[in-house]
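entry-v2.cif follows; it contains mmCIF, C-alpha atoms.
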data_protein
loop_
_atom_site.label_atom_id
_atom_site.label_comp_id
_atom_site.auth_asym_id
_atom_site.auth_seq_id
_atom_site.Cartn_x
_atom_site.Cartn_y
_atom_site.Cartn_z
CA MET A 1 0.00 0.00 0.00
CA ARG A 2 2.81 2.41 0.91
CA LEU A 3 4.58 1.61 -2.35
CA LEU A 4 1.39 2.25 -4.30
CA LEU A 5 0.86 5.56 -2.49
CA PHE A 6 4.48 6.58 -3.18
CA VAL A 7 4.13 5.75 -6.88
CA LEU A 8 0.88 7.72 -7.03
CA ILE A 9 2.47 10.78 -5.40
CA VAL A 10 5.45 10.63 -7.78
CA PHE A 11 3.10 10.29 -10.77
CA ILE A 12 1.02 13.31 -9.71
CA GLY A 13 4.15 15.38 -9.08
CA LEU A 14 5.57 14.46 -12.48
CA PHE A 15 2.26 15.27 -14.17
CA LEU A 16 2.14 18.72 -12.55
CA PHE A 17 5.78 19.38 -13.44
CA MET A 18 5.25 18.46 -17.09
CA SER A 19 2.06 20.53 -17.22
CA ASN A 20 4.03 23.60 -16.16
CA LEU A 21 6.53 22.98 -18.95
CA ARG A 22 3.85 23.00 -21.61
CA PRO A 23 2.91 26.39 -23.11
CA ASN A 24 -0.41 27.81 -21.99
CA TYR A 25 -2.45 28.24 -25.14
CA ASN A 26 -5.35 29.97 -23.41
CA VAL A 27 -5.33 33.66 -24.34
CA ILE A 28 -8.01 36.32 -24.19
CA ILE A 29 -8.25 37.89 -27.62
CA SER A 30 -9.36 41.52 -27.58
CA SER A 31 -12.90 42.37 -28.62
CA PRO A 32 -13.31 44.49 -31.77
CA LEU A 33 -13.37 48.26 -31.31
CA ALA A 34 -16.76 49.90 -31.70
CA ASP A 35 -15.24 53.08 -33.17
CA ILE A 36 -12.10 53.36 -35.31
CA PRO A 37 -9.86 56.27 -34.18
CA SER A 38 -8.78 58.70 -36.87
CA ASN A 39 -5.35 59.37 -38.33
CA ASN A 40 -2.97 61.01 -35.84
CA ILE A 41 -0.43 62.50 -38.29
CA ASP A 42 -0.63 65.91 -39.96
CA PRO A 43 1.43 65.65 -43.21
CA SER A 44 2.37 69.33 -43.00
CA LYS A 45 4.27 68.65 -39.76
CA ILE A 46 6.63 66.07 -41.34
CA LYS A 47 10.11 67.51 -41.89
CA GLY A 48 13.46 66.25 -43.18
CA ASP A 49 14.76 64.19 -46.07
CA LEU A 50 16.89 61.15 -45.14
CA LEU A 51 15.77 61.12 -41.50
CA LYS A 52 12.25 62.47 -41.14
CA THR A 53 11.00 64.23 -38.02
CA TYR A 54 7.58 65.18 -36.72
CA GLU A 55 6.22 67.46 -34.02
CA ASP A 56 2.79 68.84 -33.17
CA GLU A 57 0.93 69.69 -29.97
CA ASN A 58 0.56 65.99 -29.11
CA TYR A 59 3.69 64.21 -30.39
CA TYR A 60 7.37 64.46 -31.12
CA SER A 61 9.33 61.84 -33.07
CA LEU A 62 12.38 59.59 -32.77
CA ASN A 63 14.48 58.19 -35.62
CA GLY A 64 15.09 54.45 -35.97
CA ILE A 65 15.88 51.49 -38.18
CA ASP A 66 15.02 47.80 -38.28
CA VAL A 67 17.63 45.18 -39.13
CA SER A 68 18.21 41.46 -39.50
CA GLU A 69 20.99 39.12 -40.56
CA HIS A 70 20.54 40.46 -44.10
CA GLN A 71 22.30 43.69 -43.07
CA GLY A 72 25.43 41.80 -42.01
CA GLU A 73 27.80 43.43 -39.53
CA ILE A 74 26.53 46.74 -38.17
CA ASP A 75 28.29 49.61 -36.40
CA PHE A 76 25.55 50.82 -34.08
CA SER A 77 27.69 53.56 -32.51
CA THR A 78 28.19 55.16 -35.93
CA LEU A 79 24.46 54.94 -36.53
CA LYS A 80 23.76 56.69 -33.24
CA ASP A 81 26.18 59.47 -34.18
CA GLN A 82 24.03 60.08 -37.30
CA GLY A 83 20.86 60.52 -35.28
CA ILE A 84 19.49 56.97 -34.97
CA GLU A 85 17.82 56.60 -31.57
CA PHE A 86 16.13 53.19 -31.69
CA VAL A 87 16.39 49.88 -33.50
CA TYR A 88 14.07 46.94 -34.01
CA LEU A 89 16.00 43.69 -34.30
CA ARG A 90 14.63 40.64 -36.02
CA LEU A 91 14.69 38.06 -33.26
CA GLY A 92 13.66 35.16 -35.46
CA TYR A 93 11.36 33.79 -38.09
CA ARG A 94 9.25 30.83 -39.10
CA SER A 95 10.22 29.25 -42.41
CA TYR A 96 7.67 29.90 -45.16
CA GLY A 97 8.38 26.37 -46.46
CA ASP A 98 8.53 23.75 -43.71
CA GLY A 99 7.31 25.97 -40.88
CA SER A 100 10.37 25.49 -38.64
CA LEU A 101 11.37 28.20 -36.15
CA HIS A 102 14.76 29.92 -36.43
CA LEU A 103 16.73 32.48 -34.45
CA ASP A 104 18.08 35.29 -36.62
CA ALA A 105 21.77 34.54 -37.18
CA CYS A 106 22.81 38.05 -36.05
CA PHE A 107 20.30 38.62 -33.25
CA GLU A 108 22.63 37.98 -30.31
CA GLU A 109 25.44 40.09 -31.79
CA ASN A 110 23.10 42.88 -32.85
CA TYR A 111 21.48 42.97 -29.42
CA GLN A 112 24.80 43.29 -27.59
CA LYS A 113 26.17 45.95 -29.93
CA ALA A 114 22.97 48.01 -29.96
CA LYS A 115 22.84 47.81 -26.16
CA GLU A 116 26.47 48.95 -25.87
CA ALA A 117 25.76 51.85 -28.23
CA GLY A 118 22.91 53.02 -26.00
CA LEU A 119 20.10 52.60 -28.54
CA MET A 120 16.56 51.78 -27.51
CA ILE A 121 15.78 48.22 -28.60
CA GLY A 122 12.64 46.43 -29.75
CA VAL A 123 12.32 43.10 -31.54
CA TYR A 124 10.16 41.62 -34.27
CA PHE A 125 9.29 38.10 -35.31
CA PHE A 126 8.58 37.16 -38.92
CA SER A 127 5.52 34.90 -38.74
CA GLN A 128 4.28 32.24 -41.10
CA ALA A 129 1.82 30.74 -38.62
CA ILE A 130 -1.14 28.91 -40.13
CA ASN A 131 -3.12 28.50 -36.90
CA GLU A 132 -3.45 29.87 -33.38
CA LYS A 133 -1.19 27.23 -31.83
CA GLU A 134 1.69 28.15 -34.13
CA ALA A 135 1.20 31.87 -33.43
CA ILE A 136 1.40 31.24 -29.69
CA ASP A 137 4.42 28.98 -30.18
CA GLU A 138 6.08 31.93 -31.92
CA ALA A 139 5.35 34.14 -28.90
CA TYR A 140 6.99 31.58 -26.60
CA PHE A 141 9.96 31.36 -28.98
CA VAL A 142 10.41 35.12 -28.53
CA LYS A 143 10.15 34.81 -24.76
CA ASP A 144 12.70 31.98 -24.62
CA ASN A 145 15.23 33.94 -26.66
CA LEU A 146 14.74 37.16 -24.69
CA LYS A 147 15.57 35.38 -21.44
CA GLY A 148 18.17 37.43 -19.58
CA LYS A 149 17.75 40.39 -21.95
CA SER A 150 15.93 43.67 -21.44
CA ILE A 151 14.21 45.55 -24.24
CA ASP A 152 12.87 49.10 -24.25
CA LEU A 153 10.27 48.86 -27.00
CA HIS A 154 7.73 46.46 -28.45
CA VAL A 155 7.65 42.84 -29.57
CA VAL A 156 6.27 43.04 -33.11
CA TYR A 157 4.20 40.52 -35.05
CA ASP A 158 5.46 40.72 -38.65
CA LEU A 159 3.42 38.94 -41.33
CA GLU A 160 4.42 39.65 -44.92
CA ASP A 161 3.94 38.33 -48.45
CA ILE A 162 6.50 35.97 -49.96
CA SER A 163 6.53 37.48 -53.44
CA TYR A 164 9.18 35.21 -54.93
CA ASP A 165 7.80 31.81 -53.86
CA THR A 166 4.78 29.95 -52.53
CA SER A 167 4.21 30.51 -48.84
CA ARG A 168 2.71 27.94 -46.46
CA MET A 169 0.23 30.54 -45.21
CA SER A 170 -0.79 31.97 -48.60
CA ASP A 171 -4.13 30.17 -48.55
CA THR A 172 -5.08 31.07 -44.99
CA SER A 173 -8.23 33.17 -44.62
CA LYS A 174 -8.47 36.69 -43.25
CA GLU A 175 -10.15 35.27 -40.14
CA VAL A 176 -7.20 32.95 -39.50
CA ARG A 177 -4.67 35.72 -40.03
CA VAL A 178 -6.51 38.07 -37.69
CA ASN A 179 -6.80 35.36 -35.05
CA ASN A 180 -3.10 34.48 -35.36
CA ALA A 181 -2.00 38.10 -34.98
CA MET A 182 -4.30 38.68 -32.01
CA SER A 183 -3.23 35.41 -30.36
CA PHE A 184 0.46 36.30 -30.71
CA ALA A 185 -0.11 39.82 -29.39
CA ALA A 186 -2.28 38.67 -26.48
CA LYS A 187 0.26 36.04 -25.44
CA ILE A 188 3.16 38.50 -25.73
CA LYS A 189 1.24 40.82 -23.41
CA ASP A 190 0.60 37.92 -21.02
CA LEU A 191 4.34 37.26 -21.00
CA GLY A 192 5.10 40.81 -19.87
CA TYR A 193 6.05 42.57 -23.12
CA GLU A 194 4.39 45.29 -25.18
CA PRO A 195 2.99 43.87 -28.44
CA MET A 196 2.77 45.68 -31.77
CA ILE A 197 1.40 44.77 -35.22
CA TYR A 198 3.35 45.47 -38.43
CA THR A 199 1.20 46.23 -41.46
CA ASN A 200 0.66 48.44 -44.50
CA LEU A 201 -2.42 49.85 -46.19
CA HIS A 202 -3.00 46.75 -48.33
CA TRP A 203 -2.45 44.21 -45.54
CA THR A 204 -4.60 46.21 -43.13
CA TYR A 205 -7.69 45.58 -45.22
CA GLU A 206 -6.80 42.36 -47.07
CA TYR A 207 -5.04 40.46 -44.26
CA TYR A 208 -6.56 41.94 -41.15
CA ASP A 209 -9.65 43.45 -39.56
CA LEU A 210 -8.84 47.00 -38.51
CA SER A 211 -11.26 46.90 -35.60
CA TYR A 212 -9.15 44.13 -34.03
CA ILE A 213 -5.58 45.11 -34.78
CA LEU A 214 -6.09 48.65 -33.46
CA ASN A 215 -6.25 47.13 -29.99
CA TYR A 216 -2.45 47.26 -30.28
CA PRO A 217 0.06 49.87 -31.50
CA ILE A 218 0.58 49.84 -35.28
CA TRP A 219 3.89 49.88 -37.14
CA TYR A 220 2.85 51.13 -40.56
CA ALA A 221 4.91 50.73 -43.75
CA GLN A 222 4.39 53.10 -46.66
CA TYR A 223 7.23 54.47 -48.77
CA ASN A 224 5.74 57.81 -49.62
CA ALA A 225 6.07 61.50 -48.77
CA TYR A 226 3.57 60.95 -45.95
CA PRO A 227 1.54 58.01 -44.61
CA GLU A 228 -1.89 57.69 -46.21
CA ASN A 229 -3.43 55.71 -43.38
CA TYR A 230 -6.89 56.50 -42.02
CA PHE A 231 -6.13 55.25 -38.50
CA PRO A 232 -3.59 56.06 -35.76
CA ILE A 233 -0.08 54.61 -35.91
CA LYS A 234 2.88 54.43 -33.54
CA ILE A 235 5.71 53.97 -36.08
CA TRP A 236 5.89 54.97 -39.72
CA GLN A 237 8.37 53.00 -41.84
CA TYR A 238 8.88 55.51 -44.64
CA SER A 239 11.80 53.98 -46.58
CA GLU A 240 13.26 50.59 -47.38
CA SER A 241 16.32 52.03 -49.10
CA GLY A 242 18.03 54.20 -46.52
CA VAL A 243 21.80 54.63 -46.84
CA LEU A 244 23.66 55.21 -43.58
CA GLU A 245 27.25 54.92 -42.45
CA GLY A 246 27.76 51.81 -40.36
CA ILE A 247 25.65 49.54 -42.58
CA ASP A 248 26.89 48.18 -45.90
CA THR A 249 23.37 47.50 -47.24
CA LYS A 250 20.26 49.62 -47.65
CA VAL A 251 18.13 49.74 -44.52
CA ASP A 252 14.55 50.50 -43.48
CA LEU A 253 14.05 53.94 -41.94
CA ASN A 254 11.39 54.58 -39.31
CA MET A 255 9.86 57.48 -37.41
CA MET A 256 8.31 56.73 -34.01
CA LEU A 257 5.69 59.01 -32.48
CA VAL A 258 6.08 59.74 -28.76
CA GLU A 259 3.28 61.36 -26.83
CA LYS A 260 4.24 64.63 -25.15
#
Would you write out, as C-alpha cells, the structure that this file holds?
Amino acid sequence: MRLLLFVLIVFIGLFLFMSNLRPNYNVIISSPLADIPSNNIDPSKIKGDLLKTYEDENYYSLNGIDVSEHQGEIDFSTLKDQGIEFVYLRLGYRSYGDGSLHLDACFEENYQKAKEAGLMIGVYFFSQAINEKEAIDEAYFVKDNLKGKSIDLHVVYDLEDISYDTSRMSDTSKEVRVNNAMSFAAKIKDLGYEPMIYTNLHWTYEYYDLSYILNYPIWYAQYNAYPENYFPIKIWQYSESGVLEGIDTKVDLNMMLVEK
C-alpha cells in the first residue's frame, strides 16, 4: 500500500511538473473596437529628407531602423552618431516552407552591440503561422530567446507576403490571419512585453480586420512622402532604401511618435 501511495504521489508530481513545462495556449483575444480612431499625423508637420521628423501639440518623433541578418555586420555607434535613436532587431522567423522556427543569425550580436551603443531596442518576429497554436508557439519562442535580456520597446508581429515563392500561409483566410496576430499579441502581453502589429495599407484591409488590430500599436509601412493611413499609428516606416554609415546594405528607416 505504501509503495502504491508513493508511486501515485510521484506520478502526480511528475504530471504537474510536465504541465508547467507545456505552453499555456489559453489567451483572451481583444474584442473588436466599436469606433475606429482617426489618423494622428498631420502631413504638414513632417520635416526632413533622409531622416524624417515630426512634431505637433501631441507628439514628437524619434528616428530608428530595423535590421536582420541580411544587413550583415553593423556599427551601431556610428548609426547613433548620425541621429538613430532606436532599433528593431529581427529576433527570429518561421520558415515559409517547412514551418520550422529559427533564431536570426545576427540577433545575439546585434542585441549586444545596440545595447552597448545606448540605442533603444525592440524586436520583431517574422511569422508564417497557419493556426493559433503556431502563433502562440512563436510568442513563446520570442520569450525563450529574450531570457536574460531587457528591451525598451515592443515585440512586433510581422506577417508579410513571400513574393518570390509559394508561402505555407498563402491560402489562410483573413479570419485565421486576424486570429493568429491577435493570439500572438495577447500572449506576448501575457508574457510581460508590449505587443505591436506590423502592417501596410493593403495588408490592413486584405489580411486583417482593422477593428481588431487597433487594440495594439501599429507599425505602418508606406514608402511615400507621408503616410496615407486612415487610423492612428505608432511607427511609420517611410523607406526601405536608406543609406547610412555603419551599414553596408540599404536599410529600413522609421519614425516613431512619442506622446508629449
So what does the PyMOL selection byres ((chain A and resi 162-169) around 7) actually pick up in this one, as a list of chain:residue names? A:Tyr96, A:Gly97, A:Gln128, A:Ala129, A:Ile130, A:Glu160, A:Asp161, A:Ser170, A:Asp171, A:Thr172
Gln237 in chain A proximity check over A:Val87, A:Met120, A:Leu146, A:Ala185, using all atoms listed in the file: winner is A:Val87
Can I get the residues of range 236-256 of chain A within 12 Å of range 205-225 of chain A, each with the closest pair of atoms and their distance in Å to one decimal, using only C-alpha atoms, sorted chain first then ascending number, as a Markdown table?
| residue | atom | partner | partner_atom | distance |
| --- | --- | --- | --- | --- |
| A:Trp236 | CA | A:Tyr220 | CA | 5.0 |
| A:Gln237 | CA | A:Ala221 | CA | 4.6 |
| A:Tyr238 | CA | A:Tyr223 | CA | 4.6 |
| A:Ser239 | CA | A:Tyr223 | CA | 5.1 |
| A:Glu240 | CA | A:Tyr223 | CA | 7.3 |
| A:Ser241 | CA | A:Tyr223 | CA | 9.4 |
| A:Gly242 | CA | A:Tyr223 | CA | 11.0 |
| A:Asp252 | CA | A:Ala221 | CA | 9.6 |
| A:Leu253 | CA | A:Tyr223 | CA | 9.7 |
| A:Asn254 | CA | A:Ala221 | CA | 8.7 |
| A:Met255 | CA | A:Trp219 | CA | 9.7 |
| A:Met256 | CA | A:Trp219 | CA | 8.7 |
Selection export as a PDB file, in the coordinates of the input, atoms kept: C-alpha atoms:
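This went into again35.pdb:
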ATOM      1  CA  TRP A 236       5.890  54.970 -39.720  1.00  0.00           C
ATOM      2  CA  GLN A 237       8.370  53.000 -41.840  1.00  0.00           C
ATOM      3  CA  TYR A 238       8.880  55.510 -44.640  1.00  0.00           C
ATOM      4  CA  SER A 239      11.800  53.980 -46.580  1.00  0.00           C
ATOM      5  CA  GLU A 240      13.260  50.590 -47.380  1.00  0.00           C
ATOM      6  CA  SER A 241      16.320  52.030 -49.100  1.00  0.00           C
ATOM      7  CA  GLY A 242      18.030  54.200 -46.520  1.00  0.00           C
ATOM      8  CA  ASP A 252      14.550  50.500 -43.480  1.00  0.00           C
ATOM      9  CA  LEU A 253      14.050  53.940 -41.940  1.00  0.00           C
ATOM     10  CA  ASN A 254      11.390  54.580 -39.310  1.00  0.00           C
ATOM     11  CA  MET A 255       9.860  57.480 -37.410  1.00  0.00           C
ATOM     12  CA  MET A 256       8.310  56.730 -34.010  1.00  0.00           C
TER      13      MET A 256
END
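If you count only C-alpha atoms and ignore residues fewer than 3 places along the chain from Ser38 in chain A, what sits within 8 Å of it is Tyr230, Phe231 and Pro232 of chain A.
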If the PyMOL selection byres ((chain A and resi 186) around 9) were run on this exact file, what residues would it hold? Put them as a PyMOL selection string. chain A and resi 27-30+136+181-185+187-191+195
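You will find CA of Tyr60 in chain A at 5.4 Å from CA of Val258 in chain A.
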Find the residues with any atom within 9 Å of (21.4, 44.5, -41.7); use all atoms listed in the file and the coordinates as given in the file, and write the answer as a PyMOL selection string. chain A and resi 66-74+106+247-251
